[in-house]
file coords_24.pdb (PDB, C-alpha atoms and all ligand atoms)
ATOM      1  CA  MET A 332     167.841  94.575-180.841  1.00  0.00           C
ATOM      2  CA  SER A 333     170.104  91.608-181.672  1.00  0.00           C
ATOM      3  CA  SER A 334     168.443  88.357-182.647  1.00  0.00           C
ATOM      4  CA  GLU A 335     169.767  86.688-179.449  1.00  0.00           C
ATOM      5  CA  LEU A 336     168.074  89.181-177.114  1.00  0.00           C
ATOM      6  CA  LYS A 337     164.940  89.161-179.283  1.00  0.00           C
ATOM      7  CA  THR A 338     164.484  85.445-178.614  1.00  0.00           C
ATOM      8  CA  ILE A 339     164.127  86.041-174.846  1.00  0.00           C
ATOM      9  CA  GLU A 340     160.469  86.343-173.874  1.00  0.00           C
ATOM     10  CA  ALA A 341     159.388  88.320-170.794  1.00  0.00           C
ATOM     11  CA  ASN A 342     157.391  85.295-169.571  1.00  0.00           C
ATOM     12  CA  ASP A 343     160.487  83.054-169.702  1.00  0.00           C
ATOM     13  CA  ILE A 344     162.382  85.076-167.106  1.00  0.00           C
ATOM     14  CA  SER A 345     162.300  83.752-163.554  1.00  0.00           C
ATOM     15  CA  TRP A 346     162.560  86.799-161.316  1.00  0.00           C
ATOM     16  CA  LYS A 347     163.603  86.451-157.706  1.00  0.00           C
ATOM     17  CA  LYS A 348     161.747  88.888-155.434  1.00  0.00           C
ATOM     18  CA  ILE A 349     163.823  90.462-152.647  1.00  0.00           C
ATOM     19  CA  GLU A 350     161.749  92.364-150.098  1.00  0.00           C
ATOM     20  CA  ASN A 351     162.244  94.109-146.792  1.00  0.00           C
ATOM     21  CA  GLU A 352     160.841  97.211-145.077  1.00  0.00           C
ATOM     22  CA  GLY A 353     160.547  99.699-147.983  1.00  0.00           C
ATOM     23  CA  LEU A 354     162.762  97.496-150.150  1.00  0.00           C
ATOM     24  CA  ASP A 355     161.389  95.959-153.332  1.00  0.00           C
ATOM     25  CA  LEU A 356     163.815  94.342-155.778  1.00  0.00           C
ATOM     26  CA  ASP A 357     163.446  91.903-158.667  1.00  0.00           C
ATOM     27  CA  TYR A 358     166.553  89.999-159.747  1.00  0.00           C
ATOM     28  CA  ALA A 359     167.177  87.668-162.680  1.00  0.00           C
ATOM     29  CA  VAL A 360     169.976  86.490-164.967  1.00  0.00           C
ATOM     30  CA  PRO A 361     168.136  86.502-168.296  1.00  0.00           C
ATOM     31  CA  ILE A 362     171.151  86.983-170.602  1.00  0.00           C
ATOM     32  CA  ALA A 363     173.019  83.758-171.399  1.00  0.00           C
ATOM     33  CA  ARG A 364     176.782  83.756-170.773  1.00  0.00           C
ATOM     34  CA  SER A 365     177.745  83.636-174.490  1.00  0.00           C
ATOM     35  CA  VAL A 366     175.476  86.605-175.272  1.00  0.00           C
ATOM     36  CA  ALA A 367     176.673  88.495-172.181  1.00  0.00           C
ATOM     37  CA  ASN A 368     180.285  87.892-173.325  1.00  0.00           C
ATOM     38  CA  ARG A 369     179.511  89.373-176.741  1.00  0.00           C
ATOM     39  CA  ILE A 370     177.783  92.413-175.215  1.00  0.00           C
ATOM     40  CA  LEU A 371     180.659  92.988-172.749  1.00  0.00           C
ATOM     41  CA  LYS A 372     183.125  92.884-175.652  1.00  0.00           C
ATOM     42  CA  GLU A 373     181.065  95.444-177.601  1.00  0.00           C
ATOM     43  CA  LEU A 374     180.742  97.686-174.560  1.00  0.00           C
ATOM     44  CA  ASN A 375     184.517  97.509-174.065  1.00  0.00           C
ATOM     45  CA  GLU A 376     185.182  98.313-177.716  1.00  0.00           C
ATOM     46  CA  ASN A 377     182.621 101.057-178.263  1.00  0.00           C
ATOM     47  CA  LEU A 378     182.205 103.150-175.118  1.00  0.00           C
ATOM     48  CA  GLU A 379     184.373 106.121-174.213  1.00  0.00           C
ATOM     49  CA  TYR A 380     184.201 107.492-170.710  1.00  0.00           C
ATOM     50  CA  PHE A 381     183.948 111.063-169.428  1.00  0.00           C
ATOM     51  CA  THR A 382     187.181 112.918-168.740  1.00  0.00           C
ATOM     52  CA  GLY A 383     188.004 116.252-167.056  1.00  0.00           C
ATOM     53  CA  ASP A 384     185.432 117.723-164.669  1.00  0.00           C
ATOM     54  CA  LEU A 385     182.870 115.030-165.566  1.00  0.00           C
ATOM     55  CA  ALA A 386     185.279 112.411-164.208  1.00  0.00           C
ATOM     56  CA  LYS A 387     185.304 114.084-160.779  1.00  0.00           C
ATOM     57  CA  ILE A 388     182.877 113.950-157.884  1.00  0.00           C
ATOM     58  CA  LYS A 389     182.053 116.404-155.097  1.00  0.00           C
ATOM     59  CA  VAL A 390     181.717 114.927-151.591  1.00  0.00           C
ATOM     60  CA  PHE A 391     180.941 117.349-148.725  1.00  0.00           C
ATOM     61  CA  GLY A 392     182.168 120.235-150.892  1.00  0.00           C
ATOM     62  CA  LYS A 393     185.519 118.615-151.819  1.00  0.00           C
ATOM     63  CA  VAL A 394     186.289 117.430-155.360  1.00  0.00           C
ATOM     64  CA  TYR A 395     187.845 113.976-155.929  1.00  0.00           C
ATOM     65  CA  PRO A 396     188.603 111.872-159.038  1.00  0.00           C
ATOM     66  CA  LEU A 397     185.818 109.318-159.594  1.00  0.00           C
ATOM     67  CA  PRO A 398     186.937 105.886-158.317  1.00  0.00           C
ATOM     68  CA  ARG A 399     185.636 104.291-161.548  1.00  0.00           C
ATOM     69  CA  GLN A 400     184.908 105.356-165.149  1.00  0.00           C
ATOM     70  CA  GLN A 401     181.546 106.840-166.083  1.00  0.00           C
ATOM     71  CA  VAL A 402     179.521 107.958-169.094  1.00  0.00           C
ATOM     72  CA  ALA A 403     175.822 108.688-169.735  1.00  0.00           C
ATOM     73  CA  TYR A 404     173.565 108.229-172.745  1.00  0.00           C
ATOM     74  CA  GLY A 405     169.973 109.183-173.383  1.00  0.00           C
ATOM     75  CA  ASP A 406     167.334 110.889-175.438  1.00  0.00           C
ATOM     76  CA  PRO A 407     168.236 114.327-176.871  1.00  0.00           C
ATOM     77  CA  GLY A 408     168.489 117.200-174.381  1.00  0.00           C
ATOM     78  CA  ILE A 409     168.527 115.175-171.175  1.00  0.00           C
ATOM     79  CA  THR A 410     170.918 116.029-168.360  1.00  0.00           C
ATOM     80  CA  TYR A 411     171.210 114.427-164.929  1.00  0.00           C
ATOM     81  CA  THR A 412     172.460 116.256-161.847  1.00  0.00           C
ATOM     82  CA  TYR A 413     173.822 114.294-158.886  1.00  0.00           C
ATOM     83  CA  SER A 414     176.632 114.713-156.341  1.00  0.00           C
ATOM     84  CA  GLY A 415     177.376 118.207-157.676  1.00  0.00           C
ATOM     85  CA  LEU A 416     177.826 116.919-161.244  1.00  0.00           C
ATOM     86  CA  LYS A 417     175.600 117.872-164.179  1.00  0.00           C
ATOM     87  CA  VAL A 418     175.974 115.069-166.678  1.00  0.00           C
ATOM     88  CA  PRO A 419     174.824 115.440-170.313  1.00  0.00           C
ATOM     89  CA  ALA A 420     173.286 112.436-172.071  1.00  0.00           C
ATOM     90  CA  LEU A 421     175.316 111.513-175.170  1.00  0.00           C
ATOM     91  CA  PRO A 422     173.528 109.881-178.149  1.00  0.00           C
ATOM     92  CA  TRP A 423     172.734 106.165-177.639  1.00  0.00           C
ATOM     93  CA  PRO A 424     175.413 103.755-179.024  1.00  0.00           C
ATOM     94  CA  ALA A 425     173.927 100.701-180.785  1.00  0.00           C
ATOM     95  CA  VAL A 426     174.916  98.195-178.070  1.00  0.00           C
ATOM     96  CA  VAL A 427     173.351 100.336-175.306  1.00  0.00           C
ATOM     97  CA  LEU A 428     170.196 100.872-177.378  1.00  0.00           C
ATOM     98  CA  GLU A 429     169.974  97.095-177.752  1.00  0.00           C
ATOM     99  CA  LEU A 430     169.855  96.790-173.940  1.00  0.00           C
ATOM    100  CA  ARG A 431     167.361  99.653-173.626  1.00  0.00           C
ATOM    101  CA  ASP A 432     165.072  97.905-176.150  1.00  0.00           C
ATOM    102  CA  PHE A 433     165.527  94.569-174.341  1.00  0.00           C
ATOM    103  CA  LEU A 434     164.384  96.190-171.076  1.00  0.00           C
ATOM    104  CA  HIS A 435     161.437  97.752-172.898  1.00  0.00           C
ATOM    105  CA  LYS A 436     160.347  94.286-173.972  1.00  0.00           C
ATOM    106  CA  MET A 437     160.951  92.827-170.485  1.00  0.00           C
ATOM    107  CA  THR A 438     159.295  95.567-168.399  1.00  0.00           C
ATOM    108  CA  GLY A 439     157.143  97.629-170.780  1.00  0.00           C
ATOM    109  CA  ILE A 440     159.153 100.699-169.740  1.00  0.00           C
ATOM    110  CA  LYS A 441     160.940 102.774-172.371  1.00  0.00           C
ATOM    111  CA  TYR A 442     163.909 104.147-170.467  1.00  0.00           C
ATOM    112  CA  ASP A 443     165.255 107.509-171.666  1.00  0.00           C
ATOM    113  CA  PHE A 444     168.588 107.720-169.811  1.00  0.00           C
ATOM    114  CA  VAL A 445     171.375 105.393-168.695  1.00  0.00           C
ATOM    115  CA  LEU A 446     174.386 105.912-166.468  1.00  0.00           C
ATOM    116  CA  VAL A 447     177.238 103.540-167.320  1.00  0.00           C
ATOM    117  CA  ASN A 448     179.898 102.728-164.729  1.00  0.00           C
ATOM    118  CA  LYS A 449     183.030 100.777-165.513  1.00  0.00           C
ATOM    119  CA  TYR A 450     184.924  99.269-162.568  1.00  0.00           C
ATOM    120  CA  ARG A 451     188.396  98.550-163.982  1.00  0.00           C
ATOM    121  CA  ASN A 452     189.167  96.149-161.127  1.00  0.00           C
ATOM    122  CA  GLY A 453     188.149  95.478-157.528  1.00  0.00           C
ATOM    123  CA  LYS A 454     189.635  98.765-156.322  1.00  0.00           C
ATOM    124  CA  ASP A 455     187.090 100.765-158.302  1.00  0.00           C
ATOM    125  CA  HIS A 456     183.889 101.275-156.337  1.00  0.00           C
ATOM    126  CA  MET A 457     180.812 103.423-155.707  1.00  0.00           C
ATOM    127  CA  GLY A 458     179.957 104.880-152.302  1.00  0.00           C
ATOM    128  CA  GLU A 459     176.614 104.741-150.465  1.00  0.00           C
ATOM    129  CA  HIS A 460     173.938 106.857-152.084  1.00  0.00           C
ATOM    130  CA  ARG A 461     170.290 106.876-153.121  1.00  0.00           C
ATOM    131  CA  ASP A 462     169.096 107.495-156.660  1.00  0.00           C
ATOM    132  CA  ASN A 463     166.348 109.914-155.661  1.00  0.00           C
ATOM    133  CA  GLU A 464     167.416 113.124-157.389  1.00  0.00           C
ATOM    134  CA  PRO A 465     164.672 115.497-158.613  1.00  0.00           C
ATOM    135  CA  ASP A 466     165.672 114.777-162.228  1.00  0.00           C
ATOM    136  CA  LEU A 467     164.356 111.212-161.898  1.00  0.00           C
ATOM    137  CA  ASP A 468     160.772 110.068-162.260  1.00  0.00           C
ATOM    138  CA  THR A 469     160.634 107.990-159.081  1.00  0.00           C
ATOM    139  CA  ASN A 470     157.433 106.208-160.127  1.00  0.00           C
ATOM    140  CA  TYR A 471     159.526 103.878-162.280  1.00  0.00           C
ATOM    141  CA  PRO A 472     162.035 101.215-161.241  1.00  0.00           C
ATOM    142  CA  ILE A 473     165.708 101.802-161.975  1.00  0.00           C
ATOM    143  CA  ALA A 474     166.925  98.851-164.041  1.00  0.00           C
ATOM    144  CA  SER A 475     170.537  97.813-163.449  1.00  0.00           C
ATOM    145  CA  ILE A 476     172.274  95.460-165.922  1.00  0.00           C
ATOM    146  CA  SER A 477     175.709  94.042-165.117  1.00  0.00           C
ATOM    147  CA  PHE A 478     178.461  92.453-167.206  1.00  0.00           C
ATOM    148  CA  GLY A 479     181.849  91.080-166.238  1.00  0.00           C
ATOM    149  CA  GLU A 480     183.234  90.488-162.750  1.00  0.00           C
ATOM    150  CA  GLU A 481     180.538  89.530-160.245  1.00  0.00           C
ATOM    151  CA  ARG A 482     180.451  92.101-157.414  1.00  0.00           C
ATOM    152  CA  PRO A 483     178.342  92.434-154.266  1.00  0.00           C
ATOM    153  CA  PHE A 484     175.785  95.254-154.298  1.00  0.00           C
ATOM    154  CA  VAL A 485     174.972  96.361-150.751  1.00  0.00           C
ATOM    155  CA  LEU A 486     171.758  98.060-149.646  1.00  0.00           C
ATOM    156  CA  LYS A 487     171.384  99.777-146.283  1.00  0.00           C
ATOM    157  CA  HIS A 488     168.153 101.137-144.715  1.00  0.00           C
ATOM    158  CA  LYS A 489     168.367 104.894-144.087  1.00  0.00           C
ATOM    159  CA  ASP A 490     167.537 104.420-140.376  1.00  0.00           C
ATOM    160  CA  ALA A 491     170.446 101.978-139.988  1.00  0.00           C
ATOM    161  CA  ARG A 492     172.831 104.789-141.027  1.00  0.00           C
ATOM    162  CA  LYS A 493     171.572 107.294-138.441  1.00  0.00           C
ATOM    163  CA  PRO A 494     173.970 108.216-135.646  1.00  0.00           C
ATOM    164  CA  GLY A 495     172.948 107.938-131.975  1.00  0.00           C
ATOM    165  CA  PRO A 496     169.671 106.748-130.468  1.00  0.00           C
ATOM    166  CA  ASN A 497     167.672 107.108-133.672  1.00  0.00           C
ATOM    167  CA  LYS A 498     169.729 104.370-135.330  1.00  0.00           C
ATOM    168  CA  ARG A 499     167.767 101.171-136.002  1.00  0.00           C
ATOM    169  CA  GLN A 500     169.313  97.708-136.170  1.00  0.00           C
ATOM    170  CA  ILE A 501     168.262  96.714-139.670  1.00  0.00           C
ATOM    171  CA  PRO A 502     170.653  94.293-141.396  1.00  0.00           C
ATOM    172  CA  SER A 503     172.055  95.278-144.794  1.00  0.00           C
ATOM    173  CA  VAL A 504     170.891  93.365-147.851  1.00  0.00           C
ATOM    174  CA  THR A 505     173.546  92.132-150.313  1.00  0.00           C
ATOM    175  CA  VAL A 506     172.838  90.994-153.868  1.00  0.00           C
ATOM    176  CA  LYS A 507     175.615  89.436-155.973  1.00  0.00           C
ATOM    177  CA  LEU A 508     175.274  91.009-159.397  1.00  0.00           C
ATOM    178  CA  GLU A 509     176.196  88.312-161.904  1.00  0.00           C
ATOM    179  CA  HIS A 510     177.380  88.585-165.519  1.00  0.00           C
ATOM    180  CA  GLY A 511     174.228  89.099-167.625  1.00  0.00           C
ATOM    181  CA  SER A 512     171.990  89.970-164.653  1.00  0.00           C
ATOM    182  CA  VAL A 513     169.163  92.485-164.341  1.00  0.00           C
ATOM    183  CA  LEU A 514     168.183  94.064-161.016  1.00  0.00           C
ATOM    184  CA  LEU A 515     165.016  96.160-160.831  1.00  0.00           C
ATOM    185  CA  MET A 516     164.971  98.635-157.944  1.00  0.00           C
ATOM    186  CA  ASN A 517     161.270  99.292-157.579  1.00  0.00           C
ATOM    187  CA  PRO A 518     159.782 102.287-155.760  1.00  0.00           C
ATOM    188  CA  PRO A 519     160.040 103.173-152.887  1.00  0.00           C
ATOM    189  CA  THR A 520     163.429 101.405-152.570  1.00  0.00           C
ATOM    190  CA  ASN A 521     165.482 104.440-153.563  1.00  0.00           C
ATOM    191  CA  ASP A 522     163.768 106.721-151.027  1.00  0.00           C
ATOM    192  CA  ILE A 523     164.414 104.406-148.117  1.00  0.00           C
ATOM    193  CA  TRP A 524     167.511 102.321-148.876  1.00  0.00           C
ATOM    194  CA  TYR A 525     171.018 103.516-149.767  1.00  0.00           C
ATOM    195  CA  HIS A 526     173.104 101.352-152.061  1.00  0.00           C
ATOM    196  CA  SER A 527     176.794 100.967-152.792  1.00  0.00           C
ATOM    197  CA  LEU A 528     179.278  98.873-154.757  1.00  0.00           C
ATOM    198  CA  PRO A 529     182.085  98.449-152.215  1.00  0.00           C
ATOM    199  CA  ALA A 530     185.724  97.898-153.201  1.00  0.00           C
ATOM    200  CA  ARG A 531     186.861  94.252-153.301  1.00  0.00           C
ATOM    201  CA  LYS A 532     190.605  94.695-153.697  1.00  0.00           C
ATOM    202  CA  LYS A 533     191.343  91.021-154.408  1.00  0.00           C
ATOM    203  CA  LEU A 534     189.096  90.975-157.488  1.00  0.00           C
ATOM    204  CA  LEU A 535     191.076  91.747-160.626  1.00  0.00           C
ATOM    205  CA  GLY A 536     188.424  91.553-163.364  1.00  0.00           C
ATOM    206  CA  ALA A 537     186.583  94.500-164.886  1.00  0.00           C
ATOM    207  CA  ARG A 538     182.841  95.043-164.638  1.00  0.00           C
ATOM    208  CA  ILE A 539     180.448  97.305-166.527  1.00  0.00           C
ATOM    209  CA  ASN A 540     177.111  98.276-165.015  1.00  0.00           C
ATOM    210  CA  LEU A 541     174.330 100.197-166.736  1.00  0.00           C
ATOM    211  CA  THR A 542     171.521 101.782-164.686  1.00  0.00           C
ATOM    212  CA  PHE A 543     168.599 102.664-166.942  1.00  0.00           C
ATOM    213  CA  ARG A 544     166.420 105.442-165.629  1.00  0.00           C
ATOM    214  CA  LYS A 545     163.250 107.310-166.530  1.00  0.00           C
ATOM    215  CA  MET A 546     163.670 111.048-166.202  1.00  0.00           C
ATOM    216  CA  ASN A 547     161.102 113.668-165.255  1.00  0.00           C
ATOM    217  CA  THR A 548     159.885 115.079-168.553  1.00  0.00           C
ATOM    218  CA  LYS A 549     160.294 118.632-167.212  1.00  0.00           C
ATOM    219  CA  ASN A 550     164.049 117.895-167.260  1.00  0.00           C
ATOM    220  CA  SER A 551     164.027 117.177-170.978  1.00  0.00           C
ATOM    221  CA  PHE A 552     164.275 119.738-173.713  1.00  0.00           C
ATOM    222  CA  VAL A 553     165.046 119.238-177.338  1.00  0.00           C
ATOM    223  CA  CYS A 554     168.032 121.158-178.727  1.00  0.00           C
ATOM    224  CA  SER A 555     167.193 122.989-181.924  1.00  0.00           C
TER     225      SER A 555
HETATM  226  O1  LIG A 601     177.550  99.343-160.328  1.00  0.00           O
HETATM  227  C1  LIG A 601     176.524  99.123-159.702  1.00  0.00           C
HETATM  228  O2  LIG A 601     175.990  98.032-159.652  1.00  0.00           O
HETATM  229  C2  LIG A 601     175.903 100.264-158.925  1.00  0.00           C
HETATM  230  C3  LIG A 601     175.581 101.446-159.784  1.00  0.00           C
HETATM  231  C4  LIG A 601     174.854 102.491-159.009  1.00  0.00           C
HETATM  232  O3  LIG A 601     174.735 102.428-157.810  1.00  0.00           O
HETATM  233  C5  LIG A 601     174.264 103.606-159.707  1.00  0.00           C
HETATM  234  O4  LIG A 601     174.423 103.720-160.937  1.00  0.00           O
HETATM  235  O5  LIG A 601     173.606 104.422-159.029  1.00  0.00           O
END

call {"tool": "encode", "arguments": {"input": "coords_24.pdb", "output": "structure tokens"}}
result
Amino acid sequence: MSSELKTIEANDISWKKIENEGLDLDYAVPIARSVANRILKELNENLEYFTGDLAKIKVFGKVYPLPRQQVAYGDPGITYTYSGLKVPALPWPAVVLELRDFLHKMTGIKYDFVLVNKYRNGKDHMGEHRDNEPDLDTNYPIASISFGEERPFVLKHKDARKPGPNKRQIPSVTVKLEHGSVLLMNPPTNDIWYHSLPARKKLLGARINLTFRKMNTKNSFVCS
């Protein structure tokens, strides 16, 4: 871990708790702007994103190009299957490992997988979904770190998405994810609330988000 991140103590972080029915989030901006700028630069210079079939997504059986760039890193042998895609974890780059180790110090959790999404501008987005795939160990929070353009992150209760009389009037919750911020999505949030990163066409800046996850160990195998 870099000396700058090492100087941040878990006790120094002032977390904001965001709660609702089945929703449990912790939000903070623990990474100072100058450090966040340096990390964003390193992410921009060192990460390469998936191409070909791994840069496509299946929605209701149809295949589309991903409306953003994506890559995944993790411990050896890990794969993650979601939206019809089976994504292999590439070996950790130093700058991503630095963030993984920072989260370990902050939360006590040693994450073994991260999905990185780059939104090249405000047109790039991510649709409503839950991170509740069988590959994930849902006992742990998903830790989301953001750099670059601030974008709204929108959470919607599953009952508010239902059609017809079963629909409940539960307002969405929006969190602005700032440069250098950390959002912890604690259980059972991802069973009950969908989340999305909607397009904001007027925003021109790029943003990189990393969601650190803990996988079910049965999903891991070590390649010989
Ligand atoms: O970019 C974001 O903040 C959202 C990422 C996300 O929803 C995910 O990785 O599942």

call {"tool": "residues_near_point", "arguments": {"input": "coords_24.pdb", "point": "(189.2, 91.6, -159.0)", "cutoff": "10 Å", "atoms": "only C-alpha atoms", "output": "list of chain:residue names"}}
result
A:Tyr450, A:Arg451, A:Asn452, A:Gly453, A:Lys454, A:Asp455, A:Glu480, A:Glu481, A:Arg482, A:Ala530, A:Arg531, A:Lys532, A:Lys533, A:Leu534, A:Leu535, A:Gly536, A:Ala537, A:Arg538

call {"tool": "residues_near_ligand", "arguments": {"input": "coords_24.pdb", "ligand": "ligand LIG 601 (chain A)", "cutoff": "7 Å", "atoms": "only C-alpha atoms and all ligand atoms", "output": "PyMOL selection string"}}
result
chain A and resi 446-448+457+462+475+477+484+526-528+540-542

call {"tool": "resolve_selection", "arguments": {"input": "coords_24.pdb", "expression": "the PyMOL selection byres (((chain A and resi 513) around 7) and not hetatm)", "output": "PyMOL selection string"}}
result
chain A and resi 358-360+474-477+511-512+514-515

call {"tool": "atom_distance", "arguments": {"input": "coords_24.pdb", "atom1": "CA of Lys436 in chain A", "atom2": "CA of Ala420 in chain A"}}
result
22.4 Å

call {"tool": "axis_aligned_box", "arguments": {"input": "coords_24.pdb", "around": "range 470-487 of chain A", "padding_each_side": "8 Å", "output": "lines of an AutoDock Vina configuration file"}}
result
center_x = 170.3
center_y = 97.9
center_z = -156.7
size_x = 41.8
size_y = 32.7
size_z = 36.9

call {"tool": "closest_residue", "arguments": {"input": "coords_24.pdb", "among": "A:Pro529, A:Trp423, A:Leu486, A:Phe433", "to": "Pro407 in chain A", "atoms": "only C-alpha atoms"}}
result
A:Trp423

call {"tool": "resolve_selection", "arguments": {"input": "coords_24.pdb", "expression": "the PyMOL selection byres (((chain A and resi 492-498) around 12) and not hetatm)", "output": "short mmCIF file (atom, residue, chain, number, x, y, z; two decimals) with C-alpha atoms, keeping the file's coordinate frame"}}
result
data_model
loop_
_atom_site.label_atom_id
_atom_site.label_comp_id
_atom_site.auth_asym_id
_atom_site.auth_seq_id
_atom_site.Cartn_x
_atom_site.Cartn_y
_atom_site.Cartn_z
CA GLU A 459 176.61 104.74 -150.46
CA HIS A 460 173.94 106.86 -152.08
CA LEU A 486 171.76 98.06 -149.65
CA LYS A 487 171.38 99.78 -146.28
CA HIS A 488 168.15 101.14 -144.72
CA LYS A 489 168.37 104.89 -144.09
CA ASP A 490 167.54 104.42 -140.38
CA ALA A 491 170.45 101.98 -139.99
CA ARG A 499 167.77 101.17 -136.00
CA GLN A 500 169.31 97.71 -136.17
CA ILE A 501 168.26 96.71 -139.67
CA PRO A 502 170.65 94.29 -141.40
CA SER A 503 172.06 95.28 -144.79
CA ILE A 523 164.41 104.41 -148.12
CA TRP A 524 167.51 102.32 -148.88
CA TYR A 525 171.02 103.52 -149.77
CA HIS A 526 173.10 101.35 -152.06
#

call {"tool": "atom_distance", "arguments": {"input": "coords_24.pdb", "atom1": "CA of Ala363 in chain A", "atom2": "CA of Lys337 in chain A"}}
result
12.5 Å

call {"tool": "atom_distance", "arguments": {"input": "coords_24.pdb", "atom1": "CA of Asp522 in chain A", "atom2": "CA of Thr505 in chain A"}}
result
17.6 Å

call {"tool": "resolve_selection", "arguments": {"input": "coords_24.pdb", "expression": "the PyMOL selection byres (((chain A and resi 442) around 12) and not hetatm)", "output": "number ranges by chain"}}
result
A: 404-406, 409, 423, 427-441, 443-446, 467-468, 471-475, 541-548

call {"tool": "write_last_selection", "arguments": {"input": "coords_24.pdb", "atoms": "C-alpha atoms", "output": "tab-separated table (two decimals), in the frame of the given file"}}
result
chain	number	residue	atom	x	y	z
A	404	TYR	CA	173.56	108.23	-172.74
A	405	GLY	CA	169.97	109.18	-173.38
A	406	ASP	CA	167.33	110.89	-175.44
A	409	ILE	CA	168.53	115.18	-171.18
A	423	TRP	CA	172.73	106.16	-177.64
A	427	VAL	CA	173.35	100.34	-175.31
A	428	LEU	CA	170.20	100.87	-177.38
A	429	GLU	CA	169.97	97.10	-177.75
A	430	LEU	CA	169.86	96.79	-173.94
A	431	ARG	CA	167.36	99.65	-173.63
A	432	ASP	CA	165.07	97.90	-176.15
A	433	PHE	CA	165.53	94.57	-174.34
A	434	LEU	CA	164.38	96.19	-171.08
A	435	HIS	CA	161.44	97.75	-172.90
A	436	LYS	CA	160.35	94.29	-173.97
A	437	MET	CA	160.95	92.83	-170.48
A	438	THR	CA	159.29	95.57	-168.40
A	439	GLY	CA	157.14	97.63	-170.78
A	440	ILE	CA	159.15	100.70	-169.74
A	441	LYS	CA	160.94	102.77	-172.37
A	443	ASP	CA	165.26	107.51	-171.67
A	444	PHE	CA	168.59	107.72	-169.81
A	445	VAL	CA	171.38	105.39	-168.70
A	446	LEU	CA	174.39	105.91	-166.47
A	467	LEU	CA	164.36	111.21	-161.90
A	468	ASP	CA	160.77	110.07	-162.26
A	471	TYR	CA	159.53	103.88	-162.28
A	472	PRO	CA	162.04	101.22	-161.24
A	473	ILE	CA	165.71	101.80	-161.98
A	474	ALA	CA	166.92	98.85	-164.04
A	475	SER	CA	170.54	97.81	-163.45
A	541	LEU	CA	174.33	100.20	-166.74
A	542	THR	CA	171.52	101.78	-164.69
A	543	PHE	CA	168.60	102.66	-166.94
A	544	ARG	CA	166.42	105.44	-165.63
A	545	LYS	CA	163.25	107.31	-166.53
A	546	MET	CA	163.67	111.05	-166.20
A	547	ASN	CA	161.10	113.67	-165.26
A	548	THR	CA	159.88	115.08	-168.55

call {"tool": "residues_around", "arguments": {"input": "coords_24.pdb", "residues": "range 384-390 of chain A", "least_positions_apart": "5", "cutoff": "9 Å", "atoms": "all atoms listed in the file", "output": "ChimeraX atom specification"}}
result
/A:395-402,414-418

call {"tool": "closest_residue", "arguments": {"input": "coords_24.pdb", "among": "A:Thr469, A:Ile539, A:Asp343, A:Gly479", "to": "Asn368 in chain A", "atoms": "only C-alpha atoms"}}
result
A:Gly479

call {"tool": "closest_residue", "arguments": {"input": "coords_24.pdb", "among": "A:Pro422, A:Lys507, A:Asn521, A:Val485", "to": "Glu464 in chain A", "atoms": "only C-alpha atoms"}}
result
A:Asn521

call {"tool": "closest_residue", "arguments": {"input": "coords_24.pdb", "among": "A:Lys348, A:Glu335, A:Pro424, A:Asn375", "to": "Pro361 in chain A", "atoms": "all atoms listed in the file"}}
result
A:Glu335

call {"tool": "closest_residue", "arguments": {"input": "coords_24.pdb", "among": "A:Lys449, A:Glu379, A:Asn517, A:Ile362", "to": "Glu340 in chain A", "atoms": "only C-alpha atoms"}}
result
A:Ile362
